[in-house]
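Note sheet for the following structure.
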Amino acid sequence: MRVSVLQENLAKGLSIVGRAVASRSTLPVLNNILLETEHSQLKLSAMDMEIAINCWVGAMVEEEGQITVPARLLSDFVNSLPKERIDMELNARTQTLHLRCAHYEANIKGIDANEFPIIPTYQGDMDAPSVEVEPAKLRSMIDQVAFAASKDDSRPTFTGVYTLLEGDRLTMVATDGFRLAVRSAILEEPAASNLGVIIPARALTELSRIISTVSLGEDDGVEVIFTQARNQIMFHLPGVDLVSQLIEANFPDYKKIIPTSYNTRAVLDTGEFLNAMKVADLFARDAARSVKVTMEPGDPGKVILTATSPELGDNVSEIDAMIEGEGMNATFNSKYMIDVLQIIDTPQVAFEAVSATRPGVFRPVGGSPEDEYVHVIMPMSPR
Amino acid sequence: MPRKILHLDLDAFFCAVEEQRDPSLQGKPFAVGGKPEGRGVVASCSYPARAFGVHSAMPMAQAVRLCPDLIIVSPHREDYVRASRQVMARVQELTPMVEQISIDEAFLDVSDLPEPLEAIARRLQTRIWEELGLPCSLGGATNKLVAKIANDVGKSRAGKGDYPNAITIVPPGEEAAFLAPLPVRALWGVGPKTEEKLHALGIFTIGELAAYPEQTLARLFGQHGRDLARRARGVDNRPVVSERGRAKSISKETTFVRDVSDARKLHKTLEKLAAGVARSLRRKKLLARTVKLKLRLSDFTTLTRQTTLAAPTDDETVIIDAATALFDRLWRAGQPVRLVGVGVSNLQEGLVQLSLWDEQDDRARRLQEAVDALQARFGPDAIHRGFEDTGKEGVE
């Protein structure tokens, strides 16, 4: 293998695939990145037990070839180089990759590329259900939902995002058992078939990061391929593929969790609500993060946040709000409240409640009717 | 508006309950406690026994020497707990502002009640006697400090040999005058060491302490000196804190009749204590963040270790695991142990995050609640965790 690439391009490619490199894998080759020449491009691949990423970097290929080298060393070395051309040459006999850039030179010992597992790569016609989603829309869907998934591996179902395709509607749902986020959007072209899969939240978070990193043209879309037979899903965008294992489980019936009515509804400024909640959180931190939310009807109505720490002191914040219905009092986890208020992108938000022991509901106010978002949080209660 | 605070103390409470169990004890010198040969101490003694100089916390062997006819009664703890609950329930009916300090003592803030303190005290004393047959004494004042001392003084003034049934009220403005003739030792915060130092300064009564320059006391005793000066003038602003806010820590300990060096027995004791602590937490609707272990060795060396949990809990499994881990790190195999104790602190109100779906957590919790309910009804031995040495798993 003999290939030349620009330092900036290689560094960017390595940062994209780097997040899929296994850490502490028992299979040493998975700590490496696979480098392969392919049609005058250099293809970089990395994978762990859950996700795999391929990324193509423009290159000048003089001699085809492939090798895997330790991800960490290669990335750190490349990141330290000047923005110039990097010439790479593989010594096939010793499986050592020689790199040269300006007055820097290195030999990095690799592992034979044949030991690297095969990663599915996007092919034009994959004979599997697929849809195309606008990158910015997909990213906002992920960012509004994925954080609500559980980080606790003991409940695998909840570490995933339930992704549903129904005609022209794409829906993503995530929950950790205490809160639930549901976001749906209308696709430009309806899907050929309806289906639902559970995608690891981490895979989607990485996808969101990749979308924000790569430079996309106006017409570029993210193609989502449901390669169900192999229990995988693939996301394809120009220059990058992300393949993820799916979580095989039955997602709980989330629809029956979402309250269909309320006794009290407050509409208030999202930013003010978020800031008051962050202030309350300072005091709630060593009190199980509990913040009392009082909705007080009146002219104007008020939402009052109260946080009390047995050691630190207490805090009360009042926010003007339009209150519909009766006065209400419920206690919520401040982290959950901050999480949702941070991703609601409309200037106003509605907060609805039935009672102190029933779920509270957040909805953006005045957003596009196509982009439906609802976020449900269970309150805290004295037992 | 001055506050109206009462201090309630059940007179020789354990003895009064024992007399209800066995009326033949009435008027006789007897003591409730452990057997003299097994390191027993006097938990409570009847007023006839007190006339012989017997007092609580005295080794039983010494009590028997002072009063050779002393009848020793083994304690019936469940009966005391039941009687105490009945009393506190009646107190609660008077006011929710009740701070229970022990099984037989409580402070009441009755500022909201219109009648004079003496009438309120009389009414409560009569009710507890008529409905429960238990004698009690009350002290009343504008604050906790003076109410408590008033009660102690009132009880000691009552005739020897019978239940005092005292009521002693210090009217507003007369706190300092009431305290003045009393020995400094009667004041909270004056132990033997402080007493000795005060005596060296020529201070013997609370009045003398109140008249002493506060700056000098502050120089000699620091903040403690300033506190003493304030208390000596009968000033005490501490509120009556009802049950919930009060608990700062909960602990249970066991002193072995003979020192124990068997790992299995120690572990088993530890587990029972930890389970008991968890039960108290659940009853008080509190969660704990810190678990503490206490070991006293045969030479009376006391060792304590504590650990902070990842999340606040009232789950006995978590508390047992934490206490066991501390024990295993602290205890050297074969070391004879005189006392083990398990405690929790860093308490907070038991707010729980509710789940969207009723799941495993809730199943475990429901099991725990069912076990608690059975224990509340039939006693702690009705049902408990299967400990390792029974060879059984789970709940029996």
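Going by the structure tokens order, chains are called A, B, ..., each with residues numbered from 1, while ligands are numbered from 1 in the order shown.
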Per-residue nearest contacts of range 160-216 of chain B to range 13-31 of chain B (12 Å; only C-alpha atoms) as CSV:
```
residue,atom,partner,partner_atom,distance
B:Lys160,CA,B:Gly27,CA,11.8
B:Gly161,CA,B:Gly27,CA,8.1
B:Asp162,CA,B:Gly27,CA,7.7
B:Tyr163,CA,B:Ala16,CA,9.0
B:Pro164,CA,B:Phe13,CA,11.9
B:Asn165,CA,B:Phe13,CA,11.9
```
Which chain A residues have any atom within 10 Å of an atom of chain B, and for each, what is the nearest pair of atoms with distance in Å to one decimal, counting only C-alpha atoms, rows sorted by chain and number, as a Markdown table?
```
| residue | atom | partner | partner_atom | distance |
| --- | --- | --- | --- | --- |
| A:Thr175 | CA | B:Leu356 | CA | 9.0 |
| A:Asp176 | CA | B:Leu356 | CA | 8.9 |
| A:Gly177 | CA | B:Leu356 | CA | 5.5 |
| A:Phe178 | CA | B:Ser355 | CA | 4.8 |
| A:Arg179 | CA | B:Leu356 | CA | 7.0 |
| A:Leu180 | CA | B:Leu356 | CA | 8.3 |
| A:Pro252 | CA | B:Trp357 | CA | 8.8 |
| A:Asp253 | CA | B:Trp357 | CA | 9.7 |
| A:Tyr254 | CA | B:Leu356 | CA | 9.2 |
| A:Ile257 | CA | B:Leu356 | CA | 6.9 |
| A:Ile258 | CA | B:Leu356 | CA | 9.6 |
| A:Asp286 | CA | B:Gln348 | CA | 9.0 |
| A:Ala287 | CA | B:Gln348 | CA | 6.9 |
| A:Ala288 | CA | B:Leu351 | CA | 7.6 |
| A:Arg289 | CA | B:Leu351 | CA | 9.9 |
| A:Ser290 | CA | B:Leu351 | CA | 7.9 |
| A:Ser309 | CA | B:Gln348 | CA | 9.3 |
| A:Pro310 | CA | B:Gln348 | CA | 7.8 |
| A:Glu311 | CA | B:Asn346 | CA | 9.9 |
| A:Thr331 | CA | B:Leu351 | CA | 8.9 |
| A:Phe332 | CA | B:Gln353 | CA | 8.0 |
| A:Asn333 | CA | B:Gln353 | CA | 7.6 |
| A:Thr357 | CA | B:Leu354 | CA | 7.8 |
| A:Arg358 | CA | B:Leu354 | CA | 8.8 |
| A:Pro359 | CA | B:Leu356 | CA | 7.7 |
| A:Val376 | CA | B:Leu356 | CA | 9.0 |
| A:Ile377 | CA | B:Leu356 | CA | 8.1 |
| A:Met378 | CA | B:Leu354 | CA | 5.7 |
| A:Pro379 | CA | B:Leu354 | CA | 6.0 |
| A:Met380 | CA | B:Gln353 | CA | 4.3 |
| A:Ser381 | CA | B:Leu351 | CA | 5.1 |
| A:Pro382 | CA | B:Leu351 | CA | 4.4 |
| A:Arg383 | CA | B:Leu351 | CA | 6.6 |
```
Any chance you can output those residues with C-alpha atoms as a PDB file, in the first residue's frame?
```pdb
ATOM      1  CA  THR A 175     -37.386   6.294  28.071  1.00  0.00           C
ATOM      2  CA  ASP A 176     -35.396   5.366  31.148  1.00  0.00           C
ATOM      3  CA  GLY A 177     -38.486   4.285  33.026  1.00  0.00           C
ATOM      4  CA  PHE A 178     -38.933   7.659  34.738  1.00  0.00           C
ATOM      5  CA  ARG A 179     -39.276   9.966  31.740  1.00  0.00           C
ATOM      6  CA  LEU A 180     -40.297   9.511  28.145  1.00  0.00           C
ATOM      7  CA  PRO A 252     -43.183  -1.146  26.216  1.00  0.00           C
ATOM      8  CA  ASP A 253     -46.484   0.393  25.193  1.00  0.00           C
ATOM      9  CA  TYR A 254     -45.425   4.013  25.489  1.00  0.00           C
ATOM     10  CA  ILE A 257     -48.146   6.473  29.385  1.00  0.00           C
ATOM     11  CA  ILE A 258     -48.811   9.834  27.763  1.00  0.00           C
ATOM     12  CA  ASP A 286     -28.003  17.332  47.793  1.00  0.00           C
ATOM     13  CA  ALA A 287     -31.740  16.864  48.308  1.00  0.00           C
ATOM     14  CA  ALA A 288     -32.209  14.079  45.762  1.00  0.00           C
ATOM     15  CA  ARG A 289     -32.517  16.884  43.171  1.00  0.00           C
ATOM     16  CA  SER A 290     -36.112  17.440  44.158  1.00  0.00           C
ATOM     17  CA  SER A 309     -31.272  21.688  50.920  1.00  0.00           C
ATOM     18  CA  PRO A 310     -30.988  20.546  54.514  1.00  0.00           C
ATOM     19  CA  GLU A 311     -27.395  21.802  54.594  1.00  0.00           C
ATOM     20  CA  THR A 331     -42.139  17.677  42.963  1.00  0.00           C
ATOM     21  CA  PHE A 332     -39.793  16.776  40.118  1.00  0.00           C
ATOM     22  CA  ASN A 333     -36.173  15.804  39.584  1.00  0.00           C
ATOM     23  CA  THR A 357     -48.367  11.657  41.590  1.00  0.00           C
ATOM     24  CA  ARG A 358     -49.194  11.505  37.885  1.00  0.00           C
ATOM     25  CA  PRO A 359     -46.802  12.290  35.041  1.00  0.00           C
ATOM     26  CA  VAL A 376     -43.332  13.045  29.989  1.00  0.00           C
ATOM     27  CA  ILE A 377     -41.710  13.062  33.453  1.00  0.00           C
ATOM     28  CA  MET A 378     -42.897  11.157  36.511  1.00  0.00           C
ATOM     29  CA  PRO A 379     -42.868  13.255  39.690  1.00  0.00           C
ATOM     30  CA  MET A 380     -41.151  12.421  42.966  1.00  0.00           C
ATOM     31  CA  SER A 381     -43.359  11.597  45.869  1.00  0.00           C
ATOM     32  CA  PRO A 382     -43.053  10.791  49.551  1.00  0.00           C
ATOM     33  CA  ARG A 383     -43.686   7.096  49.849  1.00  0.00           C
TER      34      ARG A 383
END
```
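Residues in contact with Arg305 in chain B at up to 12 Å, not including ones fewer than 6 positions away on its chain and judged by only C-alpha atoms, are B:Thr290, B:Val291, B:Lys292, B:Leu293, B:Lys294, B:Leu295, B:Arg296, B:Ala322, B:Ala323, B:Thr324, B:Ala325, B:Leu326, B:Phe327, B:Asp328, B:Arg329, B:Leu330, B:Trp331, B:Val340, B:Gly341, B:Val342, B:Gly343, B:Val344.
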In Å, with one decimal, what is the gap from CA of Ser56 in chain B to CA of Lys248 in chain B? 25.9 Å
For each of B:Arg185, B:Lys4, B:Arg39, B:Arg226, take the minimum atom-to-atom distance to Met58 in chain B, counting only C-alpha atoms, then give the residue where this is smallest. B:Arg39
Would you pick out the contacts of Thr346 in chain A at 7 Å or less, using only C-alpha atoms, so that residues sharing its chain but fewer than 6 positions from it are not included, and give the list as a count of residues only? 4
What residues in range 146-268 of chain B get the DSSP label strand (DSSP E)? Please answer as a JSON list (two decimals) with N, CA and C atoms, in the first residue's frame.
```json
[["chain", "number", "residue", "atom", "x", "y", "z"],
["B", 167, "ILE", "N", -46.21, 18.75, 88.30],
["B", 167, "ILE", "CA", -46.38, 19.76, 87.25],
["B", 167, "ILE", "C", -45.70, 21.02, 87.75],
["B", 168, "THR", "N", -44.73, 21.53, 87.00],
["B", 168, "THR", "CA", -43.95, 22.68, 87.44],
["B", 168, "THR", "C", -43.89, 23.69, 86.30],
["B", 169, "ILE", "N", -44.41, 24.87, 86.55],
["B", 169, "ILE", "CA", -44.46, 25.89, 85.49],
["B", 169, "ILE", "C", -43.61, 27.09, 85.90],
["B", 249, "SER", "N", -29.61, 10.89, 62.70],
["B", 249, "SER", "CA", -29.00, 9.58, 62.49],
["B", 249, "SER", "C", -29.87, 8.54, 63.18],
["B", 250, "ILE", "N", -29.74, 7.31, 62.72],
["B", 250, "ILE", "CA", -30.46, 6.21, 63.34],
["B", 250, "ILE", "C", -29.42, 5.11, 63.53],
["B", 251, "SER", "N", -29.39, 4.51, 64.73],
["B", 251, "SER", "CA", -28.43, 3.43, 64.88],
["B", 251, "SER", "C", -28.98, 2.37, 65.84],
["B", 252, "LYS", "N", -28.46, 1.19, 65.67],
["B", 252, "LYS", "CA", -28.82, 0.09, 66.55],
["B", 252, "LYS", "C", -27.54, -0.64, 66.91],
["B", 253, "GLU", "N", -27.44, -1.07, 68.18],
["B", 253, "GLU", "CA", -26.25, -1.83, 68.55],
["B", 253, "GLU", "C", -26.60, -2.93, 69.53],
["B", 254, "THR", "N", -25.72, -3.90, 69.62],
["B", 254, "THR", "CA", -25.92, -5.03, 70.51],
["B", 254, "THR", "C", -24.64, -5.25, 71.32],
["B", 255, "THR", "N", -24.79, -5.38, 72.63],
["B", 255, "THR", "CA", -23.66, -5.79, 73.46],
["B", 255, "THR", "C", -23.82, -7.28, 73.74],
["B", 256, "PHE", "N", -22.80, -8.05, 73.46],
["B", 256, "PHE", "CA", -22.89, -9.49, 73.67],
["B", 256, "PHE", "C", -22.73, -9.81, 75.16],
["B", 257, "VAL", "N", -23.43, -10.84, 75.61],
["B", 257, "VAL", "CA", -23.29, -11.28, 77.00],
["B", 257, "VAL", "C", -21.85, -11.76, 77.22],
["B", 258, "ARG", "N", -21.35, -12.52, 76.25],
["B", 258, "ARG", "CA", -19.93, -12.88, 76.26],
["B", 258, "ARG", "C", -19.32, -12.42, 74.95],
["B", 259, "ASP", "N", -18.06, -11.99, 74.99],
["B", 259, "ASP", "CA", -17.41, -11.52, 73.77],
["B", 259, "ASP", "C", -17.48, -12.59, 72.68],
["B", 260, "VAL", "N", -17.67, -12.12, 71.45],
["B", 260, "VAL", "CA", -17.85, -13.05, 70.32],
["B", 260, "VAL", "C", -16.70, -12.88, 69.34]]
```
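Shortest separation to Leu170 in chain A among A:Ser40, A:Thr68, A:Ser150, A:Asn194 occurs at residue A:Asn194, atoms counted being only C-alpha atoms.
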Set the distance at 8 Å and use only C-alpha atoms: which residues neighbour Ala263 in chain B once local chain neighbours fewer than 4 positions away are removed? I'd like the list as a short mmCIF file (atom, residue, chain, number, x, y, z; two decimals) with all heavy atoms, in the first residue's frame.
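Result written to selection_20.cif:
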```cif
data_model
loop_
_atom_site.label_atom_id
_atom_site.label_comp_id
_atom_site.auth_asym_id
_atom_site.auth_seq_id
_atom_site.Cartn_x
_atom_site.Cartn_y
_atom_site.Cartn_z
N HIS B 267 -21.38 -11.65 61.69
CA HIS B 267 -22.05 -11.26 60.45
C HIS B 267 -23.56 -11.28 60.61
O HIS B 267 -24.26 -10.39 60.17
CB HIS B 267 -21.65 -12.21 59.31
CG HIS B 267 -20.40 -11.77 58.59
ND1 HIS B 267 -19.34 -12.61 58.37
CD2 HIS B 267 -20.03 -10.58 58.09
CE1 HIS B 267 -18.38 -11.96 57.74
NE2 HIS B 267 -18.77 -10.72 57.56
N ALA B 333 -9.73 -11.48 61.81
CA ALA B 333 -10.34 -12.76 62.14
C ALA B 333 -9.93 -13.21 63.54
O ALA B 333 -8.76 -13.13 63.91
CB ALA B 333 -9.93 -13.81 61.11
N GLY B 334 -10.89 -13.64 64.32
CA GLY B 334 -10.61 -14.16 65.65
C GLY B 334 -10.64 -13.12 66.75
O GLY B 334 -10.64 -13.46 67.93
#
```
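Among the candidate residues B:Lys193, B:Val64, B:Leu198, B:Met1, the one lying nearest to Asp112 in chain B is B:Met1, with distances computed using only C-alpha atoms.
When CA of Glu36 in chain A is paired with CA of Asp220 in chain A, their separation reads 25.0 Å.
Residues in contact range of range 107-121 of chain A, defined as at most 7 Å between only C-alpha atoms, with sequence neighbours fewer than 3 positions away removed, read Val29, Leu34, Ala52, Gln66, Ile67, Thr68, Val69, Pro70, Gln95, Thr96, Leu97, His98, Leu99 and Asp241 of chain A.
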Save the residues we just selected, all heavy atoms, as a short mmCIF file (atom, residue, chain, number, x, y, z; two decimals), in the first residue's frame?
```cif
data_model
loop_
_atom_site.label_atom_id
_atom_site.label_comp_id
_atom_site.auth_asym_id
_atom_site.auth_seq_id
_atom_site.Cartn_x
_atom_site.Cartn_y
_atom_site.Cartn_z
N VAL A 29 -7.39 -6.55 17.71
CA VAL A 29 -7.52 -5.85 16.42
C VAL A 29 -8.61 -4.78 16.49
O VAL A 29 -8.59 -3.81 15.73
CB VAL A 29 -7.77 -6.87 15.28
CG1 VAL A 29 -9.20 -7.38 15.29
CG2 VAL A 29 -7.43 -6.24 13.92
N LEU A 34 -8.90 0.28 10.71
CA LEU A 34 -8.57 -0.37 9.43
C LEU A 34 -8.41 0.70 8.36
O LEU A 34 -9.28 1.55 8.17
CB LEU A 34 -9.70 -1.34 9.06
CG LEU A 34 -9.64 -1.98 7.67
CD1 LEU A 34 -8.43 -2.91 7.53
CD2 LEU A 34 -10.92 -2.76 7.38
N ALA A 52 -20.30 0.30 14.17
CA ALA A 52 -19.14 0.33 13.27
C ALA A 52 -19.28 1.56 12.40
O ALA A 52 -20.39 1.95 12.04
CB ALA A 52 -19.12 -0.93 12.41
N GLN A 66 -3.93 -2.68 2.39
CA GLN A 66 -4.71 -2.48 3.61
C GLN A 66 -3.93 -2.91 4.84
O GLN A 66 -3.09 -3.81 4.77
CB GLN A 66 -6.03 -3.25 3.53
CG GLN A 66 -5.83 -4.70 3.16
CD GLN A 66 -7.12 -5.34 2.66
OE1 GLN A 66 -8.05 -4.63 2.28
NE2 GLN A 66 -7.15 -6.66 2.64
N ILE A 67 -4.24 -2.28 5.97
CA ILE A 67 -3.55 -2.58 7.23
C ILE A 67 -4.41 -2.04 8.39
O ILE A 67 -5.20 -1.13 8.20
CB ILE A 67 -2.13 -1.92 7.24
CG1 ILE A 67 -1.35 -2.24 8.54
CG2 ILE A 67 -2.26 -0.40 7.13
CD1 ILE A 67 -0.97 -3.68 8.71
N THR A 68 -4.27 -2.62 9.58
CA THR A 68 -4.88 -2.01 10.77
C THR A 68 -3.75 -1.53 11.68
O THR A 68 -2.75 -2.22 11.85
CB THR A 68 -5.75 -2.99 11.58
OG1 THR A 68 -4.91 -3.84 12.37
CG2 THR A 68 -6.64 -3.84 10.69
N VAL A 69 -3.94 -0.33 12.25
CA VAL A 69 -2.94 0.20 13.18
C VAL A 69 -3.63 0.73 14.44
O VAL A 69 -4.81 1.11 14.39
CB VAL A 69 -2.09 1.32 12.54
CG1 VAL A 69 -1.14 0.76 11.52
CG2 VAL A 69 -2.96 2.40 11.95
N PRO A 70 -2.90 0.75 15.56
CA PRO A 70 -3.52 1.20 16.81
C PRO A 70 -4.15 2.59 16.66
O PRO A 70 -3.48 3.54 16.26
CB PRO A 70 -2.37 1.22 17.82
CG PRO A 70 -1.40 0.23 17.28
CD PRO A 70 -1.52 0.30 15.76
N GLN A 95 4.35 -5.84 8.32
CA GLN A 95 3.06 -5.23 8.69
C GLN A 95 3.29 -3.93 9.48
O GLN A 95 2.66 -3.68 10.49
CB GLN A 95 2.20 -6.21 9.52
CG GLN A 95 1.78 -7.44 8.75
CD GLN A 95 0.68 -7.13 7.73
OE1 GLN A 95 -0.27 -6.43 8.02
NE2 GLN A 95 0.83 -7.62 6.51
N THR A 96 4.23 -3.15 8.97
CA THR A 96 4.54 -1.87 9.61
C THR A 96 4.19 -0.73 8.65
O THR A 96 4.52 -0.79 7.47
CB THR A 96 6.03 -1.79 9.98
OG1 THR A 96 6.33 -2.90 10.85
CG2 THR A 96 6.38 -0.50 10.70
N LEU A 97 3.49 0.27 9.16
CA LEU A 97 3.09 1.41 8.32
C LEU A 97 4.08 2.54 8.53
O LEU A 97 4.28 3.00 9.66
CB LEU A 97 1.67 1.86 8.69
CG LEU A 97 1.08 2.97 7.81
CD1 LEU A 97 0.82 2.46 6.39
CD2 LEU A 97 -0.21 3.51 8.43
N HIS A 98 4.65 2.96 7.42
CA HIS A 98 5.60 4.07 7.49
C HIS A 98 4.87 5.35 7.12
O HIS A 98 4.15 5.40 6.12
CB HIS A 98 6.76 3.82 6.51
CG HIS A 98 7.72 4.96 6.45
ND1 HIS A 98 8.70 5.15 7.39
CD2 HIS A 98 7.85 5.98 5.56
CE1 HIS A 98 9.39 6.24 7.09
NE2 HIS A 98 8.88 6.77 5.97
N LEU A 99 4.98 6.39 7.94
CA LEU A 99 4.33 7.67 7.65
C LEU A 99 5.37 8.77 7.59
O LEU A 99 6.32 8.78 8.39
CB LEU A 99 3.31 8.03 8.73
CG LEU A 99 2.13 7.09 8.94
CD1 LEU A 99 2.38 6.17 10.10
CD2 LEU A 99 0.86 7.90 9.17
N ASP A 241 -20.48 5.85 6.58
CA ASP A 241 -21.52 4.87 6.93
C ASP A 241 -21.44 4.62 8.43
O ASP A 241 -20.34 4.47 8.97
CB ASP A 241 -21.22 3.49 6.32
CG ASP A 241 -21.42 3.46 4.83
OD1 ASP A 241 -22.04 4.39 4.29
OD2 ASP A 241 -20.94 2.48 4.22
#
```
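Counting from CA of Ser212 in chain A, the distance to CA of Asp143 in chain A is 11.6 Å.
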Please identify all polymer residues within 10 Å of Arg3 in chain B, counting only C-alpha atoms, omitting same-chain residues fewer than 3 positions from it, and present them as a PyMOL selection string. chain B and resi 6+109-112+141-144+172+237+239
Resulting file, chosen residues, N, CA, C and O atoms, as a compact mmCIF listing (two decimals), in the first residue's frame:
```
# COMPACT_ATOMS: atom_id res chain seq x y z
N LEU B 6 -43.87 22.70 76.73
CA LEU B 6 -43.99 21.70 77.81
C LEU B 6 -42.96 20.61 77.63
O LEU B 6 -42.66 20.20 76.50
N ASP B 109 -44.77 22.05 71.76
CA ASP B 109 -44.96 23.49 71.61
C ASP B 109 -46.46 23.73 71.56
O ASP B 109 -47.11 23.40 70.57
N VAL B 110 -47.02 24.29 72.64
CA VAL B 110 -48.47 24.49 72.70
C VAL B 110 -48.82 25.98 72.65
O VAL B 110 -49.88 26.40 73.13
N SER B 111 -47.93 26.77 72.01
CA SER B 111 -48.14 28.22 71.93
C SER B 111 -49.50 28.57 71.33
O SER B 111 -50.08 29.61 71.64
N ASP B 112 -49.99 27.69 70.44
CA ASP B 112 -51.24 27.98 69.75
C ASP B 112 -52.48 27.74 70.62
O ASP B 112 -53.57 28.14 70.25
N ALA B 141 -42.50 26.17 80.39
CA ALA B 141 -41.79 27.44 80.41
C ALA B 141 -41.87 28.04 79.01
O ALA B 141 -42.57 27.52 78.15
N THR B 142 -41.11 29.12 78.79
CA THR B 142 -41.13 29.75 77.47
C THR B 142 -40.14 29.10 76.52
O THR B 142 -40.08 29.46 75.36
N ASN B 143 -39.32 28.18 77.02
CA ASN B 143 -38.41 27.49 76.11
C ASN B 143 -38.08 26.08 76.63
O ASN B 143 -38.46 25.70 77.73
N LYS B 144 -37.42 25.31 75.77
CA LYS B 144 -37.15 23.91 76.07
C LYS B 144 -36.23 23.74 77.28
O LYS B 144 -36.45 22.89 78.15
N PRO B 172 -43.42 33.38 82.24
CA PRO B 172 -42.53 34.19 81.40
C PRO B 172 -41.87 35.28 82.23
O PRO B 172 -42.51 35.89 83.09
N ASN B 237 -33.42 29.52 72.27
CA ASN B 237 -34.32 29.79 71.14
C ASN B 237 -34.58 28.57 70.26
O ASN B 237 -35.21 28.68 69.23
N PRO B 239 -36.15 25.63 68.43
CA PRO B 239 -37.55 25.30 68.22
C PRO B 239 -37.84 23.85 68.61
O PRO B 239 -36.92 23.03 68.72
```
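For the choices B:Leu10, B:Cys136, B:Val240, B:Ile128, the atom-to-atom distance to Thr95 in chain B is smallest for B:Val240 when using only C-alpha atoms.
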Please identify the helix (DSSP H, G or I) residues within range 102-223 of chain B (assignment by DSSP from backbone atoms) and present them as a PyMOL selection string. chain B and resi 117-132+144-157+175-179+184-186+192-200+206-211+214-221+223
